[in-house]
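Okay, entry-v4.cif now, which holds mmCIF, C-alpha atoms and all ligand atoms:
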data_start
#
loop_
_atom_site.label_atom_id
_atom_site.label_comp_id
_atom_site.auth_asym_id
_atom_site.auth_seq_id
_atom_site.Cartn_x
_atom_site.Cartn_y
_atom_site.Cartn_z
CA MET A 1 0.00 0.00 0.00
CA LYS A 2 1.67 3.19 -1.17
CA ILE A 3 1.49 6.51 0.63
CA ASN A 4 2.67 9.38 -1.57
CA LEU A 5 3.68 12.54 0.25
CA ILE A 6 3.49 15.79 -1.71
CA TYR A 7 4.35 19.27 -0.43
CA SER A 8 3.72 22.89 -1.25
CA PRO A 9 6.78 25.07 -2.03
CA ASP A 10 6.65 26.72 1.40
CA VAL A 11 7.89 23.45 2.94
CA HIS A 12 11.67 22.98 3.10
CA PRO A 13 12.74 19.88 1.13
CA GLN A 14 14.90 18.80 4.09
CA SER A 15 11.74 18.68 6.19
CA MET A 16 10.30 16.22 3.71
CA ASP A 17 13.48 14.11 3.93
CA ALA A 18 13.20 14.10 7.72
CA ILE A 19 9.49 13.22 7.72
CA LEU A 20 10.11 10.40 5.25
CA GLU A 21 12.99 9.08 7.32
CA ILE A 22 10.74 8.80 10.39
CA LEU A 23 7.95 7.08 8.46
CA LYS A 24 10.36 4.66 6.77
CA SER A 25 12.12 3.76 10.01
CA VAL A 26 9.91 0.65 10.29
CA SER A 27 9.45 -1.75 7.37
CA GLY A 28 6.00 -3.15 6.60
CA PRO A 29 3.04 -3.02 4.23
CA LEU A 30 2.78 0.79 4.37
CA GLU A 31 5.30 2.13 1.86
CA PHE A 32 6.00 5.85 2.08
CA SER A 33 7.63 8.02 -0.58
CA VAL A 34 7.87 11.70 -1.50
CA LEU A 35 6.69 12.99 -4.89
CA HIS A 36 8.38 16.15 -6.06
CA MET A 37 5.51 17.91 -7.79
CA ARG A 38 6.17 20.84 -10.10
CA TRP A 39 3.36 23.21 -9.28
CA SER A 40 2.62 25.53 -12.16
CA TYR A 41 2.37 29.30 -11.84
CA ASP A 42 -1.24 29.24 -12.86
CA ASP A 43 -2.30 27.04 -9.98
CA ARG A 44 -5.31 28.79 -8.58
CA TYR A 45 -4.09 28.53 -5.05
CA ASN A 46 -0.95 30.49 -5.39
CA VAL A 47 1.10 27.59 -4.12
CA GLN A 48 4.17 29.27 -5.56
CA GLN A 49 4.23 31.93 -2.91
CA HIS A 50 6.20 31.86 0.33
CA ARG A 51 9.05 29.58 -0.71
CA TYR A 52 10.42 28.09 2.49
CA HIS A 53 10.21 30.87 4.97
CA ASN A 54 10.72 29.26 8.34
CA ASP A 55 9.43 32.19 10.30
CA PHE A 56 6.53 33.09 8.04
CA ARG A 57 3.30 33.59 9.97
CA PHE A 58 -0.14 33.85 8.53
CA ARG A 59 -1.97 36.71 10.15
CA ILE A 60 -4.54 34.80 12.05
CA GLU A 61 -6.00 36.20 15.25
CA SER A 62 -6.11 33.10 17.33
CA GLU A 63 -5.01 29.51 17.24
CA TYR A 64 -8.27 28.47 18.82
CA LYS A 65 -10.85 30.33 16.76
CA LEU A 66 -12.28 29.08 13.50
CA GLN A 67 -10.97 31.14 10.60
CA GLU A 68 -13.31 32.37 7.99
CA TYR A 69 -12.12 31.61 4.48
CA LYS A 70 -11.51 34.72 2.39
CA ALA A 71 -10.60 33.95 -1.20
CA SER A 72 -9.44 37.49 -1.86
CA LEU A 73 -6.70 37.18 0.76
CA GLY A 74 -5.30 33.99 -0.70
CA TYR A 75 -5.20 32.41 2.72
CA PRO A 76 -6.15 30.34 4.50
CA LEU A 77 -7.06 27.61 2.02
CA SER A 78 -10.30 25.71 2.25
CA TRP A 79 -10.22 21.94 2.80
CA ARG A 80 -11.61 21.43 -0.70
CA GLU A 81 -8.72 23.38 -2.18
CA LEU A 82 -6.16 21.36 -0.25
CA PHE A 83 -7.75 18.10 -1.36
CA PHE A 84 -7.86 19.45 -4.91
CA LEU A 85 -4.06 19.72 -4.82
CA CYS A 86 -3.94 16.05 -3.80
CA GLN A 87 -6.23 15.19 -6.73
CA LYS A 88 -4.03 17.17 -9.06
CA ALA A 89 -1.03 15.07 -8.02
CA ARG A 90 -3.14 11.93 -8.35
CA TYR A 91 -4.05 12.73 -11.97
CA SER A 92 -0.67 14.02 -13.09
CA GLU A 93 1.24 11.09 -11.56
CA ASN A 94 -1.37 8.41 -12.36
CA ILE A 95 -1.70 7.35 -8.75
CA PRO A 96 -4.12 4.41 -8.35
CA ASP A 97 -7.26 4.93 -6.24
CA GLN A 98 -6.15 2.56 -3.50
CA ASP A 99 -2.93 4.53 -2.86
CA PHE A 100 -2.78 7.57 -0.61
CA VAL A 101 -1.83 11.18 -1.41
CA ILE A 102 -0.97 13.34 1.59
CA LEU A 103 -0.16 17.02 1.21
CA ILE A 104 2.26 18.64 3.65
CA THR A 105 1.84 22.40 3.71
CA ASN A 106 2.67 25.41 5.82
CA ARG A 107 -0.55 27.05 4.61
CA ARG A 108 -3.29 27.23 7.16
CA ASN A 109 -6.77 26.06 6.35
CA SER A 110 -10.15 27.63 6.78
CA MET A 111 -11.18 25.49 9.76
CA ASN A 112 -7.79 25.85 11.40
CA PHE A 113 -7.18 22.12 11.79
CA PHE A 114 -3.65 20.69 11.70
CA SER A 115 -4.68 17.84 9.49
CA MET A 116 -7.74 16.36 7.86
CA PHE A 117 -8.55 13.53 5.50
CA ASP A 118 -10.97 13.64 2.62
CA TYR A 119 -13.86 11.71 4.14
CA GLN A 120 -15.85 11.84 0.92
CA GLY A 121 -14.10 9.01 -0.81
CA GLU A 122 -10.63 9.77 -2.09
CA ARG A 123 -7.65 8.62 -0.06
CA ASN A 124 -6.35 12.17 0.35
CA ALA A 125 -5.34 14.20 3.38
CA PHE A 126 -3.39 17.30 4.30
CA VAL A 127 -1.16 18.01 7.29
CA GLN A 128 -0.13 21.50 8.35
CA SER A 129 3.60 21.70 9.07
CA SER A 130 3.83 25.27 10.34
CA ASP A 131 3.36 26.80 13.80
CA TRP A 132 4.30 23.71 15.81
CA ASP A 133 7.17 25.61 17.41
CA TYR A 134 4.70 27.37 19.70
CA PHE A 135 4.07 24.04 21.35
CA LEU A 136 7.16 21.99 20.81
CA LYS A 137 10.90 22.50 21.16
CA SER A 138 11.65 19.70 18.68
CA PRO A 139 11.51 19.79 14.90
CA GLU A 140 7.95 19.81 13.55
CA THR A 141 8.84 16.69 11.59
CA TYR A 142 7.77 14.43 14.50
CA PRO A 143 4.19 15.68 14.86
CA VAL A 144 3.84 15.96 11.08
CA ALA A 145 4.96 12.33 10.59
CA TYR A 146 2.52 11.34 13.35
CA GLU A 147 -0.35 13.16 11.67
CA VAL A 148 0.46 11.64 8.27
CA LEU A 149 0.18 8.16 9.72
CA ALA A 150 -2.89 9.02 11.82
CA ASN A 151 -4.75 10.19 8.72
CA VAL A 152 -3.82 7.07 6.77
CA LEU A 153 -5.22 4.96 9.60
CA ARG A 154 -8.42 7.03 9.86
CA ILE A 155 -9.04 6.54 6.14
CA LEU A 156 -8.39 2.81 6.51
CA MET A 157 -10.81 2.74 9.47
CA ARG A 158 -13.41 4.43 7.26
CA PHE A 159 -13.95 7.40 9.48
CA ASP A 160 -16.94 9.33 8.25
CA LEU A 161 -17.33 12.88 9.50
CA THR A 162 -20.79 13.26 8.03
CA GLU A 163 -21.79 11.02 10.94
CA ASP A 164 -21.84 11.96 14.59
CA ILE A 165 -18.31 12.88 15.62
CA LYS A 166 -18.57 10.50 18.61
CA ARG A 167 -18.76 7.55 16.21
CA ASN A 168 -15.27 8.43 15.00
CA PHE A 169 -13.23 10.37 17.55
CA HIS A 170 -13.15 9.93 21.34
CA LEU A 171 -14.41 13.16 22.86
CA ASP A 172 -12.95 12.22 26.25
CA ALA A 173 -9.20 11.74 25.98
CA ILE A 174 -8.22 8.10 26.59
CA GLY A 175 -4.66 8.26 25.26
CA CYS A 176 -5.60 7.00 21.78
CA MET A 177 -4.60 8.38 18.38
CA ASN A 178 -8.26 9.18 17.81
CA ASP A 179 -8.79 11.36 20.85
CA PHE A 180 -10.44 14.50 19.56
CA CYS A 181 -7.95 17.33 19.98
CA GLU A 182 -8.98 20.91 19.74
CA ASN A 183 -5.49 22.36 19.84
CA LYS A 184 -1.93 21.44 19.10
CA SER A 185 -0.81 21.10 22.69
CA GLN A 186 -3.27 18.20 23.04
CA ILE A 187 -1.77 16.52 19.99
CA ILE A 188 1.61 16.62 21.64
CA LEU A 189 0.14 14.70 24.58
CA LYS A 190 -1.06 12.06 22.11
CA LEU A 191 2.43 11.81 20.68
CA ARG A 192 3.64 10.91 24.16
CA THR A 193 1.21 8.02 24.55
CA ALA A 194 1.84 6.73 21.00
CA ASP A 195 -1.11 4.36 21.24
CA LEU A 196 -4.25 3.06 19.61
CA CYS A 197 -7.08 1.84 21.84
CA HIS A 198 -8.71 -1.57 21.51
CA SER A 199 -11.85 -0.36 19.81
CA CYS A 200 -9.82 1.54 17.20
CA ILE A 201 -7.61 -1.50 16.51
CA GLU A 202 -10.76 -3.62 16.13
CA ARG A 203 -12.26 -1.09 13.78
CA LEU A 204 -9.08 -1.17 11.66
CA GLU A 205 -9.19 -4.95 11.49
CA ARG A 206 -12.91 -4.98 10.68
CA ASN A 207 -12.08 -2.79 7.72
CA ASP A 208 -9.41 -5.16 6.44
CA ALA A 209 -6.35 -3.31 7.68
CA ASP A 210 -4.29 -6.34 8.59
CA GLN A 211 -2.33 -6.89 11.79
CA GLN A 212 0.93 -6.09 10.02
CA ILE A 213 -0.31 -2.59 9.28
CA VAL A 214 -1.37 -2.11 12.90
CA ALA A 215 2.00 -3.43 14.13
CA GLN A 216 3.94 -1.20 11.74
CA ALA A 217 1.91 1.87 12.75
CA LEU A 218 2.39 1.23 16.47
CA ASP A 219 6.14 0.74 15.91
CA ILE A 220 6.40 4.05 14.06
CA PHE A 221 4.40 5.82 16.80
CA GLU A 222 6.77 4.36 19.37
CA LYS A 223 9.81 5.60 17.41
CA ILE A 224 8.28 9.07 17.23
CA ARG A 225 7.59 8.99 20.97
CA THR A 226 11.14 8.03 21.97
CA SER A 227 12.79 10.42 19.48
CA LEU A 228 10.57 13.26 20.63
CA LYS A 229 11.39 12.63 24.28
CA PHE A 230 15.06 12.45 23.43
CA SER A 231 15.03 15.69 21.44
CA GLN A 232 13.29 17.40 24.34
CA GLY A 233 16.04 16.36 26.70
CA PHE A 234 14.30 13.42 28.41
CA ALA A 235 16.82 10.70 27.77
CA GLY A 236 15.92 9.09 31.09
CA ASN A 237 18.72 7.18 32.76
CA ILE A 238 20.16 5.68 29.61
CA LYS A 239 23.86 6.33 29.31
CA PRO A 240 25.49 6.32 25.89
CA LYS A 241 28.57 4.18 25.37
CA LYS A 242 31.79 5.23 23.75
CA LEU A 243 31.85 5.11 19.95
CA THR A 244 35.19 3.97 18.60
CA VAL A 245 36.45 3.96 15.02
CA SER A 246 39.63 1.92 14.68
CA GLN A 247 42.39 2.41 12.13
CA ASN A 248 40.87 -0.18 9.79
CA GLY A 249 37.45 1.46 10.06
CA MET A 250 35.85 -0.99 12.48
CA MET A 251 33.15 0.77 14.46
CA THR A 252 31.94 -0.17 17.92
CA ALA A 253 29.46 1.40 20.33
CA GLY A 254 30.47 -0.06 23.69
CA ASP A 255 30.81 -3.76 22.90
CA THR A 256 28.51 -3.71 19.88
CA GLU A 257 30.18 -3.75 16.50
CA ILE A 258 28.27 -1.61 14.02
CA SER A 259 27.97 -2.97 10.51
CA LEU A 260 27.67 -0.31 7.79
CA THR A 261 28.65 0.12 4.15
CA PRO A 262 31.85 2.11 3.46
CA LEU A 263 29.75 5.08 2.28
CA GLU A 264 27.58 5.04 5.43
CA LYS A 265 30.69 4.80 7.60
CA THR A 266 32.18 7.72 5.69
CA ILE A 267 29.15 9.90 6.46
CA LEU A 268 29.11 8.99 10.14
CA ILE A 269 32.87 9.49 10.61
CA PHE A 270 32.66 12.87 8.88
CA PHE A 271 29.95 14.02 11.32
CA LEU A 272 31.85 12.56 14.29
CA LEU A 273 34.81 14.72 13.26
CA HIS A 274 32.50 17.79 13.18
CA PRO A 275 30.76 17.69 16.56
CA ASP A 276 29.48 21.26 16.17
CA GLY A 277 27.40 20.19 13.22
CA ILE A 278 27.27 20.88 9.50
CA ARG A 279 24.63 22.66 7.45
CA LEU A 280 23.68 20.29 4.66
CA ALA A 281 23.71 23.18 2.18
CA THR A 282 27.48 23.54 2.77
CA LEU A 283 28.32 19.83 2.37
CA ASP A 284 30.05 20.32 -0.97
CA ASP A 285 32.68 22.52 0.72
CA TYR A 286 33.86 19.30 2.39
CA GLU A 287 34.00 17.11 -0.68
CA LEU A 288 37.77 16.48 -0.49
CA GLU A 289 37.70 15.77 3.22
CA ILE A 290 34.81 13.32 2.83
CA PHE A 291 36.53 11.65 -0.13
CA GLY A 292 39.66 11.28 2.01
CA ILE A 293 37.66 9.31 4.61
CA TYR A 294 35.94 7.25 1.92
CA GLN A 295 39.29 6.31 0.32
CA ARG A 296 40.50 4.88 3.62
CA LEU A 297 37.44 2.63 3.81
CA LYS A 298 37.02 1.48 0.23
CA ALA A 299 39.59 0.19 -2.26
CA ASN A 300 39.39 1.94 -5.66
CA ALA A 301 36.98 4.52 -4.24
CA ALA A 302 35.23 6.41 -7.05
CA PRO A 303 35.26 10.20 -6.58
CA GLN A 304 31.87 10.38 -8.32
CA ASN A 305 30.22 8.60 -5.36
CA ILE A 306 31.24 11.45 -3.07
CA ARG A 307 30.39 14.07 -5.70
CA ASN A 308 26.84 12.67 -5.90
CA LEU A 309 26.65 12.58 -2.12
CA VAL A 310 27.71 16.16 -1.38
CA ALA A 311 25.66 17.56 -4.26
CA ASN A 312 22.71 15.50 -2.99
CA PHE A 313 21.93 14.42 -6.58
CA ASP A 314 18.49 12.81 -6.62
CA GLY A 315 18.42 13.03 -2.84
CA ASN A 316 21.59 10.91 -2.64
CA PHE A 317 22.72 12.30 0.72
CA ALA A 318 19.22 12.18 2.21
CA TYR A 319 18.84 8.57 1.08
CA ASN A 320 22.18 7.45 2.51
CA LYS A 321 21.76 9.35 5.77
CA SER A 322 18.32 7.82 6.19
CA ARG A 323 19.67 4.28 5.61
CA LEU A 324 22.55 4.95 7.97
CA ASN A 325 20.20 6.15 10.72
CA LYS A 326 17.89 3.19 10.19
CA LYS A 327 20.80 0.74 10.56
CA LEU A 328 22.03 2.52 13.70
CA ARG A 329 18.54 2.31 15.21
CA GLU A 330 18.33 -1.41 14.40
CA GLN A 331 21.79 -2.28 15.65
CA ILE A 332 22.03 -0.05 18.73
CA GLY A 333 18.33 -0.09 19.68
CA GLU A 334 16.00 2.57 21.06
CA PRO A 335 16.24 4.97 22.74
CA LEU A 336 20.06 4.75 22.91
CA ALA A 337 20.40 5.04 19.11
CA ASN A 338 19.27 8.67 19.31
CA TYR A 339 22.75 9.55 20.56
CA TYR A 340 24.41 8.10 17.46
CA ILE A 341 22.18 9.08 14.54
CA ILE A 342 22.66 12.22 12.44
CA ASP A 343 19.81 14.58 13.19
CA GLY A 344 18.97 18.26 13.08
CA VAL A 345 16.42 20.93 12.31
CA PRO A 346 15.79 21.10 8.53
CA GLY A 347 17.69 24.05 7.06
CA GLU A 348 19.97 24.31 10.10
CA LYS A 349 22.98 22.32 11.31
CA PHE A 350 22.89 18.54 11.52
CA SER A 351 25.05 16.69 14.03
CA VAL A 352 25.48 13.62 16.22
CA ALA A 353 24.23 14.10 19.81
CA LEU A 354 26.92 11.92 21.42
CA PRO A 355 29.10 13.97 23.83
CA GLU A 356 32.57 14.63 22.40
CA ASP A 357 34.36 12.73 25.18
CA LEU A 358 32.54 9.58 24.06
CA ILE A 359 33.82 9.81 20.49
CA TRP A 360 37.15 8.27 19.55
CA VAL A 361 38.16 8.25 15.88
CA ASP A 362 41.57 6.91 14.83
CA LYS A 363 43.80 9.84 13.90
CA SER A 364 44.40 8.48 10.40
CA PHE A 365 40.85 9.68 9.55
CA ILE A 366 41.53 13.23 10.66
CA PRO A 367 42.38 15.41 7.65
CA VAL A 368 45.85 16.96 7.61
CA HIS A 369 45.74 20.68 6.86
ZN ZN B 1 -9.28 4.79 19.95
#

Represent the structure of the file as structure tokens.
Ligand SMILES: [Zn+2]
Amino acid sequence: MKINLIYSPDVHPQSMDAILEILKSVSGPLEFSVLHMRWSYDDRYNVQQHRYHNDFRFRIESEYKLQEYKASLGYPLSWRELFFLCQKARYSENIPDQDFVILITNRRNSMNFFSMFDYQGERNAFVQSSDWDYFLKSPETYPVAYEVLANVLRILMRFDLTEDIKRNFHLDAIGCMNDFCENKSQIILKLRTADLCHSCIERLERNDADQQIVAQALDIFEKIRTSLKFSQGFAGNIKPKKLTVSQNGMMTAGDTEISLTPLEKTILIFFLLHPDGIRLATLDDYELEIFGIYQRLKANAAPQNIRNLVANFDGNFAYNKSRLNKKLREQIGEPLANYYIIDGVPGEKFSVALPEDLIWVDKSFIPVH
């Protein structure tokens, strides 16, 4: 079952990489991917405006009041318009009816919801990716990934909002994904429980969403929960172990040997040697340094592999970083792995969270200036 994520131009492409990485962190029947749509200038909804402006704010009086839709202002968009953009992607990319199209956008919507699915048939939904920073000190990618998955499940459960709301959402919070939340701070509480109640799981299964889908969804929710806690400084009493890179490139975290491809090792070693972090947009300034590491790990290393990586051709860096992080999570385990993965706020510096005194890289990997 394919879930295609599309995004309006106000969303930073690195945010999409990060959202995809979270959703793909667990393998299973739900297959997520990002479609890079080319919106045309004549799109009625002015989707060309506001190209990734992190601090852009729509002038809306209150987070908690319904916003009237005013076409003349160009914002906020109505639900129909947001679903229309999903339909547009569906037609132009020939997406089959049974697959999902989910729009990520910083644009607000007329009812001021953070996400909604098209409950009139099509497997479409939108998720708002802006304004989470009022409520959350972590990247918005966690709640956005959560909302993407929540909407997929609600469509699979055949939620129908033309019915009584109580037949779909729980009006009294019970710590389930389908608790009805009136504001974003309540959604963040849901992220912390990362759960689906019995009646919702039964409803999924009644509607032919198999147990593998339920298991995959719960695993992803759990990953979001632990990563979110970690990024908010609640690592609990887990203590990271020393990460060692020996002269021949063998990597160990404590006693655990970490198995990675030479390219993945190259990326990790490079970030370990830059504990203050690196902006991904400046990666190509480090091409020679990264190639130097790669050469030590791979015989007959091809310079083009590093060229493609630092230029992020076809999302090359994003793809390899995502695979690297996934392997680290599998081999080191949660929540400890959060210390070792490469993470950051999209558009800003990315780094490894491990304290510097727990990093030991053989000096032969350190570039000579
Ligand atoms: Zn429930």

Please identify all protein, DNA and RNA residues within 6 Å of ligand ZN 1 (chain B), counting only C-alpha atoms and all ligand atoms, and report them as a compact mmCIF listing (two decimals) with C-alpha atoms, in the coordinates of the input.
# COMPACT_ATOMS: atom_id res chain seq x y z
CA CYS A 176 -5.60 7.00 21.78
CA ASN A 178 -8.26 9.18 17.81
CA LEU A 196 -4.25 3.06 19.61
CA CYS A 197 -7.08 1.84 21.84
CA SER A 199 -11.85 -0.36 19.81
CA CYS A 200 -9.82 1.54 17.20

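Computed from the coordinates, the CA of Ile267 in chain A to CA of Lys321 in chain A distance equals 7.4 Å.
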
Can you tell me which residues surround Glu122 in chain A at a distance of at most 12 Å, considering only C-alpha atoms, apart from same-chain residues fewer than 6 positions away, and format the answer as a compact mmCIF listing (two decimals) with C-alpha atoms, keeping the file's coordinate frame?
# COMPACT_ATOMS: atom_id res chain seq x y z
CA ARG A 80 -11.61 21.43 -0.70
CA PHE A 83 -7.75 18.10 -1.36
CA PHE A 84 -7.86 19.45 -4.91
CA CYS A 86 -3.94 16.05 -3.80
CA GLN A 87 -6.23 15.19 -6.73
CA ARG A 90 -3.14 11.93 -8.35
CA ILE A 95 -1.70 7.35 -8.75
CA PRO A 96 -4.12 4.41 -8.35
CA ASP A 97 -7.26 4.93 -6.24
CA GLN A 98 -6.15 2.56 -3.50
CA ASP A 99 -2.93 4.53 -2.86
CA PHE A 100 -2.78 7.57 -0.61
CA VAL A 101 -1.83 11.18 -1.41
CA ILE A 102 -0.97 13.34 1.59
CA VAL A 152 -3.82 7.07 6.77
CA ILE A 155 -9.04 6.54 6.14
CA LEU A 156 -8.39 2.81 6.51
CA ARG A 158 -13.41 4.43 7.26

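Minimum atom-to-atom distances from A:Asp210, A:Asp133, A:Glu222, A:Asp160 to Pro335 in chain A were compared using all atoms listed in the file, and the lowest value belongs to A:Glu222.
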
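The residue that comes closest to Asp255 in chain A, out of A:Asn94, A:Asn237, A:Arg279, A:Gln331 and on the basis of all atoms listed in the file, is A:Gln331.
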
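Between CA of Leu136 in chain A and CA of Ser231 in chain A lies a distance of 10.1 Å.
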
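The space separating CA of Phe221 in chain A from CA of Ser351 in chain A comes to 23.5 Å.
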
Inset, instruction - List the neighbours of His274 in chain A out to 10 Å using all atoms listed in the file; skip same-chain residues closer than 2 positions along the sequence, and give me the result as a list of chain:residue names. - result: A:Leu268, A:Ile269, A:Phe270, A:Phe271, A:Leu272, A:Asp276, A:Gly277, A:Ile278, A:Phe350, A:Ser351, A:Val352, A:Glu356

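Here the question is which of A:Trp132, A:Arg323, A:Ala353, A:Leu263 gets nearest to Ala302 in chain A using only C-alpha atoms, and that residue is A:Leu263.
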
Inset, instruction - Tell me which of A:Val345, A:Ile224, A:Ile258, A:Ala209 sits closest to Lys190 in chain A, counting only C-alpha atoms. - result: A:Ile224

Legend entry - Distance criterion (all atoms listed in the file): nearest to Ser40 in chain A out of A:Ile238, A:Leu85, A:Ala150, A:Val310: A:Leu85

Inset, instruction - Using all atoms listed in the file, find the one residue out of A:Ala299, A:Ala311, A:Ile293, A:Ala125 that sits nearest to Ile366 in chain A. - result: A:Ile293

Do a neighbour search on Ile332 in chain A at 12 Å with only C-alpha atoms, toss out local chain neighbours closer than 5 positions, and write the hits as an mmCIF file with C-alpha atoms, in the coordinates of the input.
data_model
loop_
_atom_site.group_PDB
_atom_site.id
_atom_site.type_symbol
_atom_site.label_atom_id
_atom_site.label_comp_id
_atom_site.auth_asym_id
_atom_site.auth_seq_id
_atom_site.Cartn_x
_atom_site.Cartn_y
_atom_site.Cartn_z
ATOM 1 C CA PRO A 240 25.490 6.320 25.890
ATOM 2 C CA LYS A 241 28.570 4.180 25.370
ATOM 3 C CA LEU A 243 31.850 5.110 19.950
ATOM 4 C CA MET A 251 33.150 0.770 14.460
ATOM 5 C CA THR A 252 31.940 -0.170 17.920
ATOM 6 C CA ALA A 253 29.460 1.400 20.330
ATOM 7 C CA GLY A 254 30.470 -0.060 23.690
ATOM 8 C CA ASP A 255 30.810 -3.760 22.900
ATOM 9 C CA THR A 256 28.510 -3.710 19.880
ATOM 10 C CA GLU A 257 30.180 -3.750 16.500
ATOM 11 C CA ILE A 258 28.270 -1.610 14.020
ATOM 12 C CA SER A 259 27.970 -2.970 10.510
ATOM 13 C CA LEU A 324 22.550 4.950 7.970
ATOM 14 C CA ASN A 325 20.200 6.150 10.720
ATOM 15 C CA LYS A 326 17.890 3.190 10.190
ATOM 16 C CA LYS A 327 20.800 0.740 10.560
ATOM 17 C CA ALA A 337 20.400 5.040 19.110
ATOM 18 C CA ASN A 338 19.270 8.670 19.310
ATOM 19 C CA TYR A 339 22.750 9.550 20.560
ATOM 20 C CA TYR A 340 24.410 8.100 17.460
ATOM 21 C CA ILE A 341 22.180 9.080 14.540
#

Box for range 223-239 of chain A: with edges along x, y and z, all listed atoms inside and 4 Å added on each side, what are the centre and edge lengths in Å to one decimal, as JSON?
{"center_x": 15.7, "center_y": 11.5, "center_z": 25.0, "size_x": 24.3, "size_y": 19.8, "size_z": 23.5}
